[in-house]
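Next up, entry02.tsv (TSV, C-alpha atoms):
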```
chain	number	residue	atom	x	y	z
P	293	PRO	CA	82.41	154.14	63.44
P	294	TYR	CA	81.32	157.78	63.41
P	295	VAL	CA	82.68	158.45	59.92
P	296	CYS	CA	81.31	155.13	58.65
P	297	ALA	CA	77.83	155.86	60.02
P	298	GLN	CA	77.74	159.41	58.72
P	299	GLY	CA	78.88	158.28	55.26
P	300	ALA	CA	76.30	155.48	55.24
P	301	ALA	CA	73.53	157.88	56.29
P	302	LEU	CA	74.50	160.29	53.52
P	303	ILE	CA	74.56	157.57	50.85
P	304	ALA	CA	71.27	156.05	52.07
P	305	ASP	CA	69.62	159.46	51.84
P	306	ALA	CA	71.10	160.19	48.40
P	307	THR	CA	69.93	156.80	47.06
P	308	ASP	CA	66.39	157.05	48.45
P	309	GLY	CA	67.08	154.36	51.02
P	310	ARG	CA	68.54	151.76	48.64
P	311	PHE	CA	71.91	151.59	50.40
P	312	ILE	CA	72.94	148.57	52.48
P	313	LEU	CA	76.02	148.96	54.67
P	314	GLY	CA	78.37	145.98	54.75
P	315	LEU	CA	80.88	145.64	57.59
P	316	GLY	CA	83.48	143.09	58.60
P	317	VAL	CA	86.87	142.59	60.17
P	318	SER	CA	89.98	141.99	58.12
P	319	HIS	CA	92.46	139.14	58.11
P	320	GLN	CA	95.46	138.71	60.39
P	321	PRO	CA	98.11	139.31	57.68
P	322	VAL	CA	96.35	142.54	56.66
P	323	ASN	CA	95.93	143.65	60.27
P	324	THR	CA	99.57	142.88	61.06
P	325	ALA	CA	100.77	144.88	58.05
P	326	LEU	CA	98.66	147.83	59.21
P	327	GLY	CA	99.76	147.52	62.83
P	328	ILE	CA	96.27	146.61	64.03
P	329	GLY	CA	95.98	144.21	66.94
P	330	MET	CA	92.80	142.18	66.98
P	331	PRO	CA	93.01	139.36	69.53
P	332	ASP	CA	89.21	138.87	69.55
P	333	PRO	CA	87.74	139.49	66.06
P	334	PRO	CA	84.14	138.61	67.04
P	335	GLY	CA	84.38	140.98	70.01
P	336	GLU	CA	85.81	143.77	67.85
P	337	LEU	CA	83.08	143.16	65.29
P	338	ARG	CA	80.42	143.42	68.01
P	339	ARG	CA	81.93	146.66	69.33
P	340	TYR	CA	82.21	148.26	65.90
P	341	VAL	CA	78.75	147.22	64.65
P	342	SER	CA	77.15	148.45	67.88
P	343	ALA	CA	78.99	151.78	67.64
P	344	VAL	CA	77.97	152.32	63.99
P	345	GLN	CA	74.35	151.48	64.82
P	346	GLY	CA	74.42	153.93	67.73
P	347	TRP	CA	75.66	156.74	65.53
P	348	LEU	CA	73.01	155.86	62.91
P	349	ARG	CA	70.39	156.24	65.66
P	350	GLY	CA	71.81	159.67	66.44
P	351	GLU	CA	73.37	158.61	69.72
P	352	GLY	CA	76.73	159.75	70.93
P	353	PRO	CA	78.29	163.01	72.02
P	354	ALA	CA	77.78	166.13	69.96
P	355	THR	CA	80.70	167.10	67.78
P	356	HIS	CA	80.53	170.62	66.33
P	357	LEU	CA	77.00	169.56	65.31
P	358	PRO	CA	74.27	167.88	67.32
P	359	GLN	CA	73.82	164.18	66.56
P	360	ARG	CA	70.73	163.17	64.60
P	361	PRO	CA	69.37	159.83	63.47
P	362	ALA	CA	70.01	158.89	59.85
P	363	PRO	CA	67.21	160.35	57.72
P	364	ARG	CA	66.58	156.94	56.14
P	365	PRO	CA	67.04	153.44	57.52
P	366	VAL	CA	70.47	151.93	56.83
P	367	PRO	CA	70.32	148.12	56.84
P	368	LEU	CA	73.58	146.70	58.13
P	369	TYR	CA	75.01	143.39	56.91
P	370	VAL	CA	78.09	141.77	58.41
P	371	ALA	CA	80.75	139.74	56.63
P	372	ALA	CA	80.45	136.61	58.73
P	373	VAL	CA	81.92	133.22	57.95
P	374	THR	CA	82.68	131.39	61.21
P	375	SER	CA	79.96	130.09	63.51
P	376	ARG	CA	80.95	132.68	66.15
P	377	THR	CA	80.74	135.64	63.81
P	378	VAL	CA	77.52	134.37	62.21
P	379	GLU	CA	75.96	134.11	65.68
P	380	ALA	CA	77.12	137.58	66.69
P	381	ALA	CA	76.07	139.12	63.39
P	382	SER	CA	72.68	137.45	63.57
P	383	GLU	CA	72.13	139.00	66.97
P	384	LEU	CA	73.18	142.49	65.88
P	385	ALA	CA	72.64	143.02	62.18
P	386	ASP	CA	70.01	142.83	59.47
P	387	GLY	CA	71.95	140.36	57.38
P	388	ILE	CA	75.13	138.35	56.96
P	389	MET	CA	77.49	138.19	53.99
P	390	PRO	CA	79.33	134.88	53.90
P	391	ILE	CA	81.64	134.06	51.04
P	392	PHE	CA	82.68	130.76	49.46
P	393	TRP	CA	80.23	128.65	51.50
P	394	SER	CA	79.24	125.23	50.29
P	395	ALA	CA	75.56	124.26	50.27
P	396	GLU	CA	76.23	122.11	53.36
P	397	ARG	CA	77.71	125.07	55.26
P	398	VAL	CA	74.72	127.24	54.32
P	399	ALA	CA	72.43	124.56	55.78
P	400	ARG	CA	74.54	124.34	58.97
P	401	SER	CA	74.45	128.11	59.37
P	402	LYS	CA	70.72	128.08	60.15
P	403	ALA	CA	71.46	126.87	63.69
P	404	TRP	CA	74.09	129.62	64.19
P	405	ILE	CA	71.69	132.26	62.85
P	406	ASP	CA	68.87	131.00	65.05
P	407	ARG	CA	71.06	131.10	68.18
P	408	GLY	CA	72.12	134.67	67.46
P	409	ARG	CA	68.66	135.92	66.58
P	410	ALA	CA	67.24	134.33	69.73
P	411	ARG	CA	69.26	136.94	71.65
P	412	ALA	CA	67.55	139.74	69.69
P	413	PRO	CA	63.81	139.16	69.97
P	414	GLY	CA	61.63	141.28	67.74
P	415	ARG	CA	64.26	141.91	65.09
P	416	GLY	CA	62.68	139.75	62.38
P	417	GLY	CA	64.58	137.55	59.97
P	418	VAL	CA	68.23	137.68	58.97
P	419	ASP	CA	69.02	138.19	55.29
P	420	VAL	CA	71.78	135.95	53.97
P	421	THR	CA	73.75	136.91	50.89
P	422	LEU	CA	76.28	134.44	49.51
P	423	GLY	CA	79.40	135.85	47.95
P	424	ILE	CA	80.71	133.82	45.08
P	425	PRO	CA	83.17	135.66	42.85
P	426	THR	CA	81.85	135.71	39.31
P	427	PHE	CA	83.84	136.71	36.26
P	428	VAL	CA	82.06	137.59	33.04
P	429	GLY	CA	83.50	138.34	29.61
P	430	ASP	CA	83.80	137.24	26.02
P	431	ASP	CA	87.49	136.33	26.19
P	432	LEU	CA	87.50	133.09	28.20
P	433	ASP	CA	91.28	133.03	28.62
P	434	ALA	CA	91.32	136.61	29.95
P	435	VAL	CA	88.39	135.90	32.30
P	436	ARG	CA	90.11	132.78	33.64
P	437	GLU	CA	93.34	134.71	34.23
P	438	THR	CA	91.46	137.47	36.06
P	439	ALA	CA	89.71	134.83	38.19
P	440	ARG	CA	93.03	133.11	39.00
P	441	GLN	CA	94.59	136.39	40.13
P	442	ASN	CA	91.58	137.30	42.26
P	443	LEU	CA	91.14	133.91	43.86
P	444	ALA	CA	94.88	133.57	44.55
P	445	LEU	CA	94.52	136.42	47.05
P	446	TYR	CA	92.07	134.34	49.09
P	447	THR	CA	94.09	131.14	48.97
P	448	GLY	CA	97.04	132.96	50.53
P	449	LEU	CA	95.08	133.97	53.64
P	450	PRO	CA	95.24	131.43	56.50
P	451	PHE	CA	91.60	131.97	57.43
P	452	PHE	CA	90.37	131.09	53.95
P	453	GLN	CA	92.74	128.14	53.75
P	454	ARG	CA	90.98	126.73	56.84
P	455	LEU	CA	87.54	127.59	55.43
P	456	PHE	CA	88.29	125.78	52.18
P	457	ARG	CA	89.47	122.71	54.10
P	458	VAL	CA	86.33	122.51	56.28
P	459	SER	CA	84.05	123.13	53.33
```

Rendering of file as structure tokens:
Amino acid sequence: PYVCAQGAALIADATDGRFILGLGVSHQPVNTALGIGMPDPPGELRRYVSAVQGWLRGEGPATHLPQRPAPRPVPLYVAAVTSRTVEAASELADGIMPIFWSAERVARSKAWIDRGRARAPGRGGVDVTLGIPTFVGDDLDAVRETARQNLALYTGLPFFQRLFRVS
């Protein structure tokens, strides 16, 4: 979280405050391959987001340098897809970044967002971005092949298989 926050603060300053930091947890097959145990992804997400935000505020022990708040605000968006992570992210972050949601799921998410934000009075609204992979090009066959290869990665992950079924 320290390195993430310091990098985000640097980029936000270099881009005159146009940087938005996106965070999320990975998928079980990826975590297993990397030797990362994550029995409670929403809990880990909460811990990590809170730690990054603390460092951005300049909190935490001094390293070889004293800690300082980021010179520019760094909005933090969380990759959130399940109702639990949407709720947690809505409590903690400035925005959420779901991917592959149907219009019906977007409508259902309002209740999850409202429950999370109710635990964070005074924070204002939650921005919602919707990730939908888009492939652009003049060669339709090449674009379709690129899309197939990209989307095949998602269909092999158990989490997204469940998401596709419920959507």

Distance query Met389 of chain P at most 10 Å, all atoms listed in the file, self and fewer than 5 positions along chain excluded, as a VMD selection string: chain P and resid 314 to 316 369 to 373 378 381 419 to 423

Two-atom distance - atom CA of Leu302 of chain P, atom CA of Pro361 of chain P (Å): 11.2 Å

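Of the residues listed (P:Ser318, P:Ser459, P:Thr324, P:Gln359), P:Ser459 shows the shortest atom-to-atom separation from Ser394 of chain P; distances use only C-alpha atoms.
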
Distance in Å - atom CA of Glu383 of chain P versus atom CA of Glu336 of chain P: 14.5 Å

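Proximity ranking of P:Leu443, P:Ala403, P:Ala306, P:Ala343 relative to Leu384 of chain P places P:Ala343 first, based on all atoms listed in the file.
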
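Counting all atoms listed in the file, segment 319-321 of chain P has the following residues at most 10 Å away, ignoring those fewer than 2 positions along the same chain: Gly316, Val317, Asn323, Thr324, Ala325, Leu326, Gly327, Ile328, Gly329, Met330, Pro331, Pro333, Gly448, Leu449, Pro450, Phe451 and Phe452 of chain P.
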
Contacts of Ala439 of chain P at 12 Å (all atoms listed in the file; same-chain gap of 2+ positions) as a ChimeraX atom specification: /P:424-429,432-437,441-446

Give the padded box for segment 441-444 of chain P as AutoDock Vina command-line options: axis-aligned, covering all atoms listed in the file, 3 Å on each side, centre and edge lengths in Å to one decimal.
```
--center_x 93.0 --center_y 135.4 --center_z 42.3 --size_x 9.7 --size_y 9.7 --size_z 10.4
```

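Distances to Ala380 of chain P were evaluated for P:Gly346, P:Pro365, P:Pro353, P:Leu337 using all atoms listed in the file, and the minimum falls at P:Leu337.
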
Among the residues P:Val295, P:Val341, P:Val458, P:Ala301, the one that comes closest to Arg360 of chain P [using only C-alpha atoms]: P:Ala301

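Nearest to Gly387 of chain P of all the residues P:Val322, P:Pro334, P:Gly417, P:Arg457 is P:Gly417, based on all atoms listed in the file.
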
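If you measure from each of P:Ala395, P:Ile388, P:Glu379, P:Arg454 to Arg409 of chain P using only C-alpha atoms, the closest one turns out to be P:Glu379.
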
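One distance worth recording is that between atom CA of Ile405 of chain P and atom CA of Asp305 of chain P, which is 29.4 Å.
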